[in-house]
>>> print(open('structure12.cif').read())   # mmCIF, C-alpha atoms
data_target
loop_
_atom_site.label_atom_id
_atom_site.label_comp_id
_atom_site.auth_asym_id
_atom_site.auth_seq_id
_atom_site.Cartn_x
_atom_site.Cartn_y
_atom_site.Cartn_z
CA MET A 1 0.00 0.00 0.00
CA SER A 2 1.14 3.55 -0.62
CA THR A 3 2.71 5.43 2.29
CA ALA A 4 1.86 8.87 0.98
CA ALA A 5 -0.47 10.99 3.08
CA PRO A 6 -3.16 12.89 1.20
CA PRO A 7 -2.81 16.67 1.18
CA ILE A 8 -4.85 18.53 3.74
CA ASN A 9 -7.29 21.20 2.67
CA LEU A 10 -5.59 24.48 1.92
CA ASP A 11 -8.11 26.37 4.01
CA THR A 12 -6.89 24.50 7.11
CA ARG A 13 -3.33 25.88 6.72
CA VAL A 14 -2.57 28.91 8.91
CA GLU A 15 0.19 31.46 9.32
CA SER A 16 3.06 30.67 11.63
CA PRO A 17 2.07 31.18 15.29
CA PRO A 18 3.18 34.49 16.79
CA HIS A 19 5.61 32.83 19.22
CA GLY A 20 6.65 29.80 17.17
CA VAL A 21 5.22 26.36 16.47
CA GLY A 22 6.84 24.83 19.57
CA PHE A 23 5.09 27.20 21.96
CA ALA A 24 1.78 26.70 20.16
CA GLU A 25 2.13 22.91 20.43
CA PHE A 26 2.96 23.26 24.13
CA ALA A 27 -0.22 25.27 24.70
CA LEU A 28 -2.29 22.64 22.89
CA ALA A 29 -0.60 19.81 24.81
CA LEU A 30 -1.23 21.53 28.14
CA GLY A 31 -4.95 21.20 27.45
CA GLY A 32 -4.52 17.45 27.00
CA PHE A 33 -2.56 17.39 30.26
CA ALA A 34 -5.43 19.14 32.07
CA LEU A 35 -8.07 16.84 30.59
CA GLY A 36 -6.09 13.67 31.29
CA THR A 37 -5.30 14.73 34.85
CA GLY A 38 -8.92 15.59 35.58
CA GLU A 39 -10.27 12.36 34.09
CA PHE A 40 -7.92 9.84 35.69
CA ALA A 41 -7.17 11.51 39.04
CA SER A 42 -10.86 11.19 39.97
CA MET A 43 -10.44 7.39 39.89
CA GLY A 44 -7.72 7.43 42.53
CA LEU A 45 -9.72 9.79 44.74
CA LEU A 46 -12.97 7.82 44.76
CA PRO A 47 -12.66 6.66 48.42
CA ASN A 48 -12.00 10.24 49.54
CA VAL A 49 -15.00 11.57 47.62
CA ALA A 50 -17.24 8.78 48.91
CA ARG A 51 -16.35 9.47 52.56
CA ASP A 52 -16.91 13.21 52.20
CA ILE A 53 -20.31 13.07 50.50
CA HIS A 54 -21.45 10.02 52.52
CA VAL A 55 -21.98 7.43 49.79
CA SER A 56 -20.37 4.07 49.02
CA VAL A 57 -17.37 3.83 46.69
CA PRO A 58 -19.39 2.10 43.92
CA VAL A 59 -22.00 4.88 44.09
CA ALA A 60 -19.29 7.55 44.01
CA GLY A 61 -17.96 5.76 40.92
CA HIS A 62 -20.94 7.14 39.02
CA MET A 63 -19.02 10.40 38.74
CA ILE A 64 -16.55 8.56 36.47
CA SER A 65 -19.39 7.29 34.31
CA ALA A 66 -20.89 10.80 34.26
CA TYR A 67 -17.63 12.22 32.90
CA ALA A 68 -17.47 9.55 30.18
CA LEU A 69 -21.09 10.26 29.26
CA GLY A 70 -20.24 13.95 29.00
CA VAL A 71 -17.41 13.12 26.59
CA VAL A 72 -19.63 10.94 24.39
CA ILE A 73 -22.40 13.56 24.21
CA GLY A 74 -20.28 16.68 24.16
CA ALA A 75 -17.87 15.70 21.38
CA PRO A 76 -20.36 15.60 18.48
CA LEU A 77 -22.74 18.17 20.00
CA LEU A 78 -20.16 20.94 20.49
CA ALA A 79 -18.22 20.20 17.29
CA ALA A 80 -21.39 20.53 15.22
CA ALA A 81 -23.00 23.39 17.13
CA PHE A 82 -19.90 25.62 16.92
CA ALA A 83 -18.81 24.60 13.42
CA ARG A 84 -18.75 28.24 12.28
CA SER A 85 -16.67 29.42 15.25
CA GLY A 86 -12.99 30.22 14.93
CA ARG A 87 -10.63 27.46 16.01
CA ARG A 88 -8.71 29.55 18.54
CA ALA A 89 -11.90 30.90 20.04
CA MET A 90 -13.24 27.37 20.44
CA LEU A 91 -10.11 26.14 22.18
CA VAL A 92 -10.15 29.08 24.60
CA GLY A 93 -13.87 28.67 25.28
CA LEU A 94 -13.71 24.91 25.76
CA MET A 95 -10.88 25.11 28.28
CA GLY A 96 -12.53 28.00 30.10
CA PHE A 97 -15.71 25.92 30.41
CA PHE A 98 -13.64 22.93 31.60
CA ALA A 99 -12.01 25.08 34.30
CA ILE A 100 -15.39 26.35 35.54
CA ALA A 101 -16.86 22.83 35.63
CA ASN A 102 -13.97 21.58 37.76
CA LEU A 103 -14.39 24.49 40.16
CA LEU A 104 -18.08 23.56 40.44
CA CYS A 105 -17.03 20.02 41.33
CA ALA A 106 -14.67 21.35 43.99
CA VAL A 107 -17.50 23.27 45.72
CA ALA A 108 -20.28 20.70 45.16
CA SER A 109 -21.96 19.86 48.45
CA SER A 110 -23.87 16.71 47.53
CA TYR A 111 -23.60 13.50 45.50
CA GLY A 112 -25.96 14.78 42.80
CA LEU A 113 -24.04 18.03 42.34
CA VAL A 114 -20.70 16.19 42.12
CA VAL A 115 -22.05 13.87 39.42
CA ALA A 116 -23.57 16.80 37.52
CA ALA A 117 -20.31 18.76 37.70
CA ARG A 118 -18.33 15.78 36.39
CA PHE A 119 -20.77 15.43 33.50
CA LEU A 120 -20.25 19.10 32.63
CA ALA A 121 -16.46 18.69 32.88
CA GLY A 122 -16.60 15.87 30.34
CA LEU A 123 -18.52 17.85 27.70
CA PRO A 124 -15.52 19.76 26.23
CA HIS A 125 -13.13 16.78 26.34
CA GLY A 126 -13.63 15.27 22.89
CA ALA A 127 -14.31 18.58 21.16
CA TYR A 128 -11.06 20.03 22.52
CA PHE A 129 -8.96 17.11 21.33
CA GLY A 130 -10.69 17.17 17.94
CA ILE A 131 -10.10 20.89 17.32
CA ALA A 132 -6.59 20.77 18.84
CA SER A 133 -5.69 17.92 16.46
CA ILE A 134 -6.81 19.94 13.44
CA VAL A 135 -4.95 23.03 14.64
CA ALA A 136 -1.78 21.06 15.39
CA ALA A 137 -1.86 19.45 11.93
CA SER A 138 -2.33 22.85 10.30
CA LEU A 139 0.87 24.23 11.84
CA VAL A 140 3.25 21.85 10.02
CA PRO A 141 3.81 20.51 6.49
CA PRO A 142 1.34 17.79 5.39
CA ASN A 143 3.91 15.00 5.72
CA LYS A 144 4.42 15.89 9.41
CA ARG A 145 0.74 16.02 10.42
CA ALA A 146 0.62 12.84 12.49
CA GLN A 147 3.76 13.76 14.42
CA ALA A 148 2.23 17.15 15.26
CA VAL A 149 -0.93 15.40 16.48
CA ALA A 150 1.24 13.04 18.54
CA ARG A 151 3.05 15.95 20.18
CA MET A 152 -0.30 17.52 21.03
CA MET A 153 -1.43 14.21 22.57
CA LEU A 154 1.74 14.06 24.67
CA GLY A 155 -0.14 16.14 27.21
CA LEU A 156 -2.64 13.32 27.70
CA SER A 157 0.02 10.64 28.08
CA SER A 158 2.19 12.85 30.31
CA ALA A 159 -0.78 13.32 32.62
CA ASN A 160 -0.47 9.66 33.60
CA VAL A 161 3.19 10.16 34.53
CA VAL A 162 3.03 13.50 36.36
CA GLY A 163 -0.42 15.04 36.55
CA VAL A 164 -2.43 12.14 37.96
CA PRO A 165 0.06 11.21 40.73
CA PHE A 166 0.42 14.89 41.68
CA ALA A 167 -3.31 15.59 41.74
CA THR A 168 -3.92 12.39 43.71
CA TRP A 169 -1.26 13.41 46.24
CA VAL A 170 -2.79 16.88 46.55
CA GLY A 171 -6.21 15.29 47.06
CA GLN A 172 -4.91 13.00 49.78
CA MET A 173 -3.01 15.77 51.59
CA ALA A 174 -5.39 18.73 51.22
CA GLY A 175 -8.70 17.03 50.41
CA TRP A 176 -10.14 15.82 47.12
CA ARG A 177 -11.65 19.23 46.39
CA ALA A 178 -8.17 20.74 46.20
CA ALA A 179 -7.28 18.30 43.41
CA PHE A 180 -10.10 19.62 41.22
CA VAL A 181 -8.99 23.19 41.95
CA VAL A 182 -5.55 22.23 40.62
CA VAL A 183 -7.14 20.81 37.47
CA ALA A 184 -9.19 23.98 37.04
CA VAL A 185 -6.07 26.14 37.30
CA ILE A 186 -4.34 24.08 34.60
CA GLY A 187 -7.42 24.40 32.39
CA LEU A 188 -7.48 28.19 32.88
CA ALA A 189 -3.75 28.38 32.11
CA THR A 190 -4.39 26.46 28.87
CA ALA A 191 -7.11 28.91 27.82
CA ILE A 192 -4.74 31.84 28.40
CA LEU A 193 -1.82 30.21 26.59
CA CYS A 194 -3.95 29.23 23.59
CA ARG A 195 -5.07 32.86 23.33
CA ILE A 196 -1.44 34.01 23.36
CA ALA A 197 0.21 31.25 21.34
CA LEU A 198 -2.22 30.99 18.41
CA ARG A 199 -3.39 33.43 15.78
CA PRO A 200 -7.12 33.88 15.13
CA MET A 201 -8.26 30.94 13.02
CA PRO A 202 -11.58 31.34 11.24
CA ALA A 203 -13.55 28.22 10.47
CA PRO A 204 -13.08 26.83 6.94
CA GLU A 205 -15.23 28.44 4.25
CA GLY A 206 -18.64 26.80 4.06
CA ALA A 207 -18.42 25.28 7.55
CA SER A 208 -21.80 24.65 9.18
CA PRO A 209 -23.47 22.18 11.53
CA LEU A 210 -24.93 20.34 8.53
CA THR A 211 -21.51 20.11 6.90
CA GLU A 212 -20.03 18.62 10.06
CA LEU A 213 -22.92 16.18 10.45
CA SER A 214 -22.27 14.97 6.90
CA ALA A 215 -19.37 12.95 8.36
CA LEU A 216 -21.95 10.59 9.83
CA ALA A 217 -22.98 9.55 6.33
CA ARG A 218 -19.51 8.26 5.43
CA GLY A 219 -18.86 4.58 5.96
CA GLN A 220 -15.11 5.00 6.35
CA VAL A 221 -15.69 7.38 9.28
CA TRP A 222 -17.81 4.77 11.08
CA LEU A 223 -15.30 2.02 10.35
CA THR A 224 -12.45 4.11 11.75
CA LEU A 225 -14.50 4.88 14.86
CA GLY A 226 -15.24 1.16 15.15
CA ILE A 227 -11.53 0.38 15.14
CA ALA A 228 -11.09 2.74 18.10
CA ALA A 229 -14.22 1.61 19.97
CA ILE A 230 -13.38 -2.12 19.74
CA GLY A 231 -9.63 -2.34 19.24
CA PHE A 232 -8.72 0.09 22.02
CA GLY A 233 -11.05 -1.60 24.50
CA GLY A 234 -8.45 -4.29 25.14
CA VAL A 235 -6.20 -1.88 27.00
CA PHE A 236 -9.00 -0.93 29.40
CA ALA A 237 -9.90 -4.58 30.01
CA VAL A 238 -6.49 -4.88 31.70
CA TYR A 239 -6.01 -1.35 33.03
CA SER A 240 -9.35 -1.30 34.87
CA TYR A 241 -8.33 -4.26 37.05
CA ILE A 242 -4.58 -3.75 37.20
CA THR A 243 -4.40 -3.11 40.95
CA PRO A 244 -6.05 -6.37 42.13
CA MET A 245 -4.18 -8.30 39.43
CA LEU A 246 -0.79 -7.01 40.56
CA VAL A 247 -1.65 -7.47 44.25
CA PHE A 248 -3.35 -10.89 44.15
CA VAL A 249 -1.46 -12.54 41.28
CA THR A 250 1.94 -10.86 41.06
CA GLY A 251 2.17 -10.48 44.83
CA MET A 252 2.96 -6.77 44.96
CA THR A 253 1.91 -4.48 47.76
CA GLU A 254 -0.60 -1.73 47.02
CA ALA A 255 2.19 0.80 47.57
CA ALA A 256 4.10 -0.73 44.66
CA VAL A 257 1.23 -0.23 42.19
CA PRO A 258 1.61 3.55 41.57
CA PRO A 259 5.18 3.12 40.23
CA ILE A 260 3.84 0.53 37.78
CA LEU A 261 1.19 3.02 36.69
CA SER A 262 3.98 5.54 36.07
CA VAL A 263 5.80 2.93 33.98
CA ILE A 264 2.65 2.59 31.88
CA GLY A 265 2.53 6.38 31.56
CA VAL A 266 6.14 6.52 30.34
CA GLY A 267 5.26 3.86 27.79
CA MET A 268 2.34 5.99 26.65
CA VAL A 269 4.62 8.98 26.06
CA ALA A 270 7.05 6.90 24.01
CA GLY A 271 4.19 5.20 22.15
CA SER A 272 2.57 8.49 21.21
CA LEU A 273 5.80 9.77 19.65
CA PHE A 274 6.43 6.48 17.84
CA GLY A 275 2.85 6.33 16.61
CA GLY A 276 3.08 9.82 15.13
CA TRP A 277 6.30 8.99 13.29
CA LEU A 278 4.87 5.70 12.02
CA ALA A 279 1.58 7.27 10.87
CA ASP A 280 3.42 9.81 8.73
CA LYS A 281 4.93 6.85 6.86
CA GLY A 282 1.45 5.49 6.08
CA VAL A 283 -1.70 5.92 8.15
CA MET A 284 -3.53 2.64 7.44
CA ARG A 285 -0.35 0.62 7.73
CA ALA A 286 0.37 2.27 11.08
CA VAL A 287 -3.10 1.32 12.36
CA ALA A 288 -2.51 -2.32 11.42
CA ILE A 289 0.96 -2.45 13.00
CA THR A 290 -0.08 -0.81 16.27
CA LEU A 291 -3.18 -2.98 16.62
CA SER A 292 -1.03 -6.09 16.05
CA LEU A 293 1.35 -4.87 18.75
CA ASN A 294 -1.63 -4.51 21.11
CA VAL A 295 -2.68 -8.10 20.40
CA VAL A 296 0.78 -9.45 21.31
CA VAL A 297 1.33 -7.31 24.41
CA LEU A 298 -2.14 -7.97 25.86
CA ALA A 299 -1.87 -11.71 25.22
CA LEU A 300 1.42 -11.72 27.15
CA VAL A 301 -0.23 -10.30 30.28
CA ALA A 302 -1.35 -13.75 31.43
CA VAL A 303 2.22 -15.05 30.97
CA THR A 304 4.23 -12.17 32.48
CA VAL A 305 1.98 -11.31 35.44
CA HIS A 306 3.56 -13.96 37.69
CA ASN A 307 6.95 -12.22 37.68
CA VAL A 308 7.54 -8.64 38.88
CA ALA A 309 10.27 -7.81 36.35
CA ALA A 310 8.44 -9.39 33.43
CA VAL A 311 5.11 -7.72 34.17
CA THR A 312 6.83 -4.34 34.64
CA VAL A 313 8.38 -4.58 31.19
CA ASN A 314 5.10 -5.74 29.69
CA MET A 315 3.20 -2.88 31.33
CA PHE A 316 5.58 -0.42 29.68
CA PHE A 317 4.84 -1.95 26.31
CA MET A 318 1.12 -2.03 27.07
CA GLY A 319 1.19 1.76 27.52
CA PHE A 320 3.43 2.06 24.46
CA ALA A 321 1.07 0.01 22.26
CA ALA A 322 -2.04 1.75 23.61
CA LEU A 323 -1.02 5.30 22.72
CA SER A 324 0.85 4.43 19.53
CA ILE A 325 -2.46 3.89 17.75
CA GLY A 326 -3.86 7.33 18.68
CA PRO A 327 -2.11 9.59 16.12
CA ALA A 328 -2.86 7.20 13.25
CA LEU A 329 -6.57 6.96 14.04
CA GLN A 330 -6.88 10.70 14.59
CA THR A 331 -5.16 11.41 11.27
CA ARG A 332 -7.21 8.75 9.47
CA LEU A 333 -10.43 10.40 10.65
CA MET A 334 -9.28 13.78 9.36
CA ASP A 335 -8.50 12.12 6.02
CA VAL A 336 -11.84 10.37 5.49
CA ALA A 337 -14.09 13.10 6.98
CA GLN A 338 -13.29 15.58 4.18
CA ASP A 339 -15.11 18.84 5.07
CA ALA A 340 -16.37 17.52 8.43
CA GLN A 341 -13.02 17.16 10.15
CA ALA A 342 -13.96 18.83 13.43
CA LEU A 343 -16.83 16.46 14.17
CA ALA A 344 -14.96 13.36 13.05
CA ALA A 345 -11.86 14.21 15.08
CA ALA A 346 -13.99 14.88 18.16
CA LEU A 347 -15.92 11.63 17.72
CA ASN A 348 -12.62 9.75 17.99
CA HIS A 349 -12.60 10.49 21.72
CA SER A 350 -16.20 9.40 22.07
CA ALA A 351 -15.09 6.09 20.55
CA PHE A 352 -12.19 5.82 22.99
CA ASN A 353 -14.54 6.37 25.92
CA PHE A 354 -16.84 3.69 24.55
CA ALA A 355 -13.76 1.44 24.43
CA ASN A 356 -13.12 2.30 28.08
CA ALA A 357 -16.60 1.15 29.09
CA LEU A 358 -16.55 -1.95 26.86
CA GLY A 359 -13.15 -3.17 27.99
CA ALA A 360 -13.90 -2.66 31.69
CA TRP A 361 -17.26 -4.42 31.33
CA LEU A 362 -15.92 -7.46 29.47
CA GLY A 363 -13.01 -7.78 31.87
CA GLY A 364 -15.42 -7.67 34.79
CA VAL A 365 -17.64 -10.30 33.18
CA ALA A 366 -14.66 -12.64 32.76
CA ILE A 367 -13.54 -12.16 36.37
CA ALA A 368 -17.06 -12.62 37.73
CA ALA A 369 -17.35 -15.84 35.73
CA GLY A 370 -14.42 -17.27 37.68
CA MET A 371 -11.83 -16.97 34.90
CA GLY A 372 -9.40 -15.14 37.20
CA TRP A 373 -7.65 -11.77 37.16
CA THR A 374 -5.29 -12.85 34.38
CA SER A 375 -8.20 -13.43 32.00
CA THR A 376 -8.31 -9.71 31.27
CA GLY A 377 -5.18 -10.05 29.12
CA PRO A 378 -6.61 -12.59 26.63
CA ILE A 379 -9.93 -10.69 26.64
CA GLY A 380 -8.00 -7.56 25.72
CA ALA A 381 -6.13 -9.38 22.97
CA LEU A 382 -9.42 -10.56 21.47
CA LEU A 383 -10.74 -6.99 21.44
CA ALA A 384 -7.58 -5.82 19.66
CA LEU A 385 -8.12 -8.63 17.13
CA GLY A 386 -11.66 -7.33 16.69
CA GLY A 387 -10.19 -3.94 15.87
CA LEU A 388 -7.92 -5.58 13.29
CA ALA A 389 -10.93 -7.26 11.70
CA ILE A 390 -12.67 -3.87 11.33
CA TRP A 391 -9.44 -2.42 9.91
CA PHE A 392 -9.42 -5.15 7.27
CA VAL A 393 -13.00 -4.31 6.29
CA ALA A 394 -12.08 -0.60 6.06
CA TRP A 395 -9.00 -1.39 3.98
CA ARG A 396 -10.92 -3.60 1.57
CA SER A 397 -14.12 -1.59 1.29
CA GLY A 398 -12.37 1.70 0.60
CA GLY A 399 -11.00 0.52 -2.73
CA PRO A 400 -7.29 0.50 -3.68
CA LYS A 401 -6.75 4.27 -3.65
CA THR A 402 -8.76 5.00 -0.51
CA ALA A 403 -7.25 2.03 1.30
CA ALA A 404 -3.76 3.18 0.41
CA ARG A 405 -4.40 6.51 2.12
#
>>> encode(input="structure12.cif", output="structure tokens")
Amino acid sequence: MSTAAPPINLDTRVESPPHGVGFAEFALALGGFALGTGEFASMGLLPNVARDIHVSVPVAGHMISAYALGVVIGAPLLAAAFARSGRRAMLVGLMGFFAIANLLCAVASSYGLVVAARFLAGLPHGAYFGIASIVAASLVPPNKRAQAVARMMLGLSSANVVGVPFATWVGQMAGWRAAFVVVAVIGLATAILCRIALRPMPAPEGASPLTELSALARGQVWLTLGIAAIGFGGVFAVYSYITPMLVFVTGMTEAAVPPILSVIGVGMVAGSLFGGWLADKGVMRAVAITLSLNVVVLALVAVTVHNVAAVTVNMFFMGFAALSIGPALQTRLMDVAQDAQALAAALNHSAFNFANALGAWLGGVAIAAGMGWTSTGPIGALLALGGLAIWFVAWRSGGPKTAAR
């Protein structure tokens, strides 16, 4: 298959940022850092939240589901509704809204208000990543698009290395509400930096909600979203139950689990950079390679989990494989969406959140059925294989020229 990337629309190219491309990419990545920190830190603070608002931990867990629901609903809704808005204005507005929603969570006095605030915080998540991907790709030559997207997504992967442990520590030391204040401050800083680092970017000529919604009529868009929704679910089948697996099977103490999570985060950073480089060599080929890597790494979980050194190495590669697929899928969606890039790019994160729910659910079903904690690895590998099957359909159904792209 050809490795050439199709040219992006000329109306998506912009002038050089006022303070350089590097500073602009940093501002965009900081938003991913804020979103990733806010999403994942809430998981580690569940017991603290539950005690403070007087509910059980499983009930408090609904705030995680509320955030995911906000992502799924907000991504297409905001991308379509604000299709005519300038790109810089959208980024500033989305991160300002995110900051306010996290402050609301910090002052929420009841279970219902906490859940509502987390739902609101999730609304800008997918739309931000979608618009930020388009902006990042527009700042560099066409053959460097995926690497620019990968650098923007470094904020999300870095959040698992630095942001989540820090916010969790703040929440444990100063109360869980303080952690959401920290997230709000990072979101506000992102809004300010995006305003400074980027030039005004009007929406492409002819942009409208109907134009964006036209992406939903394209089969290749749905197939690409299917790859993300199914293929990426394997990672969450393992990640959702990693603590009990490492404690009860590997024999680690709970105190030893956070360093393993950091190892996964480091793998995610490396995988994001590798995935961007690989996608610029050929998007569809990169999707196939990274999905295959996910199959192998997830299948090895059941083998390596009995040894501390082996499972540590495998967890690094699990993070590496997980994030390596992101730039390729994001770029593929921008390729096949044509004039509806904002909606398609935002929907990618709705698909990833669906993968989160699917992987966690299937892993839980396997464990509840008595298959053991290690069963999540093979379950994850099967989901990655499912993603490969959808990739094959997309590759074949697109025709030779479309499949080559």
>>> closest_residue(input="structure12.cif", among="A:Met201, A:Ala132, A:Val181, A:Leu154", to="Ser85 in chain A", atoms="all atoms listed in the file")
A:Met201
>>> closest_residue(input="structure12.cif", among="A:Leu382, A:Met371, A:Val297, A:Ala321", to="Ala270 in chain A", atoms="only C-alpha atoms")
A:Ala321
>>> residues_around(input="structure12.cif", residues="range 294-296 of chain A", least_positions_apart="2", cutoff="9 Å", atoms="only C-alpha atoms", output="PyMOL selection string")
chain A and resi 231-232+234-235+289-292+298-300+317-318+320-322+378+380-385
>>> write_last_selection(input="structure12.cif", atoms="C-alpha atoms", output="CSV table (one decimal), keeping the file's coordinate frame")
chain,number,residue,atom,x,y,z
A,231,GLY,CA,-9.6,-2.3,19.2
A,232,PHE,CA,-8.7,0.1,22.0
A,234,GLY,CA,-8.4,-4.3,25.1
A,235,VAL,CA,-6.2,-1.9,27.0
A,289,ILE,CA,1.0,-2.4,13.0
A,290,THR,CA,-0.1,-0.8,16.3
A,291,LEU,CA,-3.2,-3.0,16.6
A,292,SER,CA,-1.0,-6.1,16.0
A,298,LEU,CA,-2.1,-8.0,25.9
A,299,ALA,CA,-1.9,-11.7,25.2
A,300,LEU,CA,1.4,-11.7,27.2
A,317,PHE,CA,4.8,-2.0,26.3
A,318,MET,CA,1.1,-2.0,27.1
A,320,PHE,CA,3.4,2.1,24.5
A,321,ALA,CA,1.1,0.0,22.3
A,322,ALA,CA,-2.0,1.8,23.6
A,378,PRO,CA,-6.6,-12.6,26.6
A,380,GLY,CA,-8.0,-7.6,25.7
A,381,ALA,CA,-6.1,-9.4,23.0
A,382,LEU,CA,-9.4,-10.6,21.5
A,383,LEU,CA,-10.7,-7.0,21.4
A,384,ALA,CA,-7.6,-5.8,19.7
A,385,LEU,CA,-8.1,-8.6,17.1
>>> resolve_selection(input="structure12.cif", expression="the PyMOL selection byres ((chain A and resi 87) around 12)", output="number ranges by chain")
A: 12-14, 28, 79, 82-86, 88-94, 127-136, 138, 194-195, 198-204, 207, 342
>>> write_last_selection(input="structure12.cif", atoms="C-alpha atoms", output="short mmCIF file (atom, residue, chain, number, x, y, z; two decimals), in the coordinates of the input")
data_model
loop_
_atom_site.label_atom_id
_atom_site.label_comp_id
_atom_site.auth_asym_id
_atom_site.auth_seq_id
_atom_site.Cartn_x
_atom_site.Cartn_y
_atom_site.Cartn_z
CA THR A 12 -6.89 24.50 7.11
CA ARG A 13 -3.33 25.88 6.72
CA VAL A 14 -2.57 28.91 8.91
CA LEU A 28 -2.29 22.64 22.89
CA ALA A 79 -18.22 20.20 17.29
CA PHE A 82 -19.90 25.62 16.92
CA ALA A 83 -18.81 24.60 13.42
CA ARG A 84 -18.75 28.24 12.28
CA SER A 85 -16.67 29.42 15.25
CA GLY A 86 -12.99 30.22 14.93
CA ARG A 88 -8.71 29.55 18.54
CA ALA A 89 -11.90 30.90 20.04
CA MET A 90 -13.24 27.37 20.44
CA LEU A 91 -10.11 26.14 22.18
CA VAL A 92 -10.15 29.08 24.60
CA GLY A 93 -13.87 28.67 25.28
CA LEU A 94 -13.71 24.91 25.76
CA ALA A 127 -14.31 18.58 21.16
CA TYR A 128 -11.06 20.03 22.52
CA PHE A 129 -8.96 17.11 21.33
CA GLY A 130 -10.69 17.17 17.94
CA ILE A 131 -10.10 20.89 17.32
CA ALA A 132 -6.59 20.77 18.84
CA SER A 133 -5.69 17.92 16.46
CA ILE A 134 -6.81 19.94 13.44
CA VAL A 135 -4.95 23.03 14.64
CA ALA A 136 -1.78 21.06 15.39
CA SER A 138 -2.33 22.85 10.30
CA CYS A 194 -3.95 29.23 23.59
CA ARG A 195 -5.07 32.86 23.33
CA LEU A 198 -2.22 30.99 18.41
CA ARG A 199 -3.39 33.43 15.78
CA PRO A 200 -7.12 33.88 15.13
CA MET A 201 -8.26 30.94 13.02
CA PRO A 202 -11.58 31.34 11.24
CA ALA A 203 -13.55 28.22 10.47
CA PRO A 204 -13.08 26.83 6.94
CA ALA A 207 -18.42 25.28 7.55
CA ALA A 342 -13.96 18.83 13.43
#
>>> atom_distance(input="structure12.cif", atom1="CA of Pro165 in chain A", atom2="CA of Tyr111 in chain A")
24.2 Å
>>> resolve_selection(input="structure12.cif", expression="the PyMOL selection byres ((chain A and resi 353) around 8)", output="list in words")
Ala68, Val71, Val72, Ala229, His349, Ser350, Ala351, Phe352, Phe354, Ala355, Asn356 and Ala357 of chain A
>>> closest_residue(input="structure12.cif", among="A:Val283, A:Val257, A:Ile227, A:Val185", to="Ile100 in chain A", atoms="only C-alpha atoms")
A:Val185
>>> decode(input="structure12.cif", residues="range 316-325 of chain A", atoms="N, CA, C and O atoms", output="CSV table (one decimal), in the first residue's frame")
chain,number,residue,atom,x,y,z
A,316,PHE,N,5.0,-1.5,30.5
A,316,PHE,CA,5.6,-0.4,29.7
A,316,PHE,C,5.1,-0.5,28.2
A,316,PHE,O,4.6,0.4,27.6
A,317,PHE,N,5.2,-1.8,27.7
A,317,PHE,CA,4.8,-2.0,26.3
A,317,PHE,C,3.3,-1.9,26.1
A,317,PHE,O,2.8,-1.6,25.0
A,318,MET,N,2.6,-2.2,27.2
A,318,MET,CA,1.1,-2.0,27.1
A,318,MET,C,0.8,-0.6,26.9
A,318,MET,O,-0.1,-0.2,26.1
A,319,GLY,N,1.4,0.3,27.7
A,319,GLY,CA,1.2,1.8,27.5
A,319,GLY,C,1.7,2.2,26.2
A,319,GLY,O,1.1,3.1,25.5
A,320,PHE,N,2.8,1.7,25.8
A,320,PHE,CA,3.4,2.1,24.5
A,320,PHE,C,2.5,1.7,23.3
A,320,PHE,O,2.2,2.5,22.5
A,321,ALA,N,2.0,0.5,23.3
A,321,ALA,CA,1.1,0.0,22.3
A,321,ALA,C,-0.2,0.8,22.3
A,321,ALA,O,-0.8,1.1,21.2
A,322,ALA,N,-0.7,1.1,23.5
A,322,ALA,CA,-2.0,1.7,23.6
A,322,ALA,C,-2.0,3.1,22.9
A,322,ALA,O,-2.9,3.5,22.2
A,323,LEU,N,-1.0,3.9,23.2
A,323,LEU,CA,-1.0,5.3,22.7
A,323,LEU,C,-0.4,5.4,21.3
A,323,LEU,O,-0.6,6.4,20.6
A,324,SER,N,0.3,4.4,20.9
A,324,SER,CA,0.9,4.4,19.5
A,324,SER,C,-0.2,4.4,18.4
A,324,SER,O,0.0,4.9,17.3
A,325,ILE,N,-1.4,3.9,18.7
A,325,ILE,CA,-2.5,3.9,17.8
A,325,ILE,C,-3.2,5.2,17.6
A,325,ILE,O,-3.8,5.5,16.6
